[in-house]
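Undergrad: This is the structure, below, for whatever I ask next.
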Amino acid sequence: MPHELIHPTLVNEAKRGDMRSLGEALCVVCDDIGMELADVMDEFDFSGLELELAKEALSQGRYFRRLRGS
């Protein structure tokens with residue numbers, strides 16, 4: 001299932017500065033499904049996902065989730 005959520009297109013969008021979709025996908029994989037970010041990085045190394053980009057996208061995804069929840 002995580003492979004269906006994190007697509008290389010999302011990674012490319014994030015690299016261009018639009019991290020919202022990748023952030024939302026990482027929230028689902030890490031927060032809802034319960035995968036550790038390190039495991040996500042290992043599993044999705046084919047997509048060019050870098051650790052710093054993933055951390056930033058996840059942080060932004062969590063921020064937007066909190067905004068929607070308020």
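Identifiers in this document derive from the order of the structure tokens: chains are assigned A, B, ..., residues are numbered from 1 separately in each chain, and ligands are numbered from 1 in order of occurrence.
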Hey, what's within 12 Å of segment 16-23 of chain A if we count only C-alpha atoms and toss same-chain stuff fewer than 4 positions away? As a ChimeraX atom specification, please?
TA: /A:2,5-12,27-31,37,47,49,53-65
Undergrad: Based on DSSP run over this structure's backbone, return all residues of chain A in helix (DSSP H, G or I), as a count of residues only.
TA: 55
Undergrad: What does the distance between atom CA of Glu43 of chain A and atom CA of Gly69 of chain A come to in Å, to one decimal place?
TA: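 Calculated distance between atom CA of Glu43 of chain A and atom CA of Gly69 of chain A is 29.4 Å.
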Undergrad: Report, in Å to a single decimal, how far apart atom CA of Val40 of chain A and atom CA of Ala14 of chain A are.
TA: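 Separation between atom CA of Ala14 of chain A and atom CA of Val40 of chain A: 15.9 Å.
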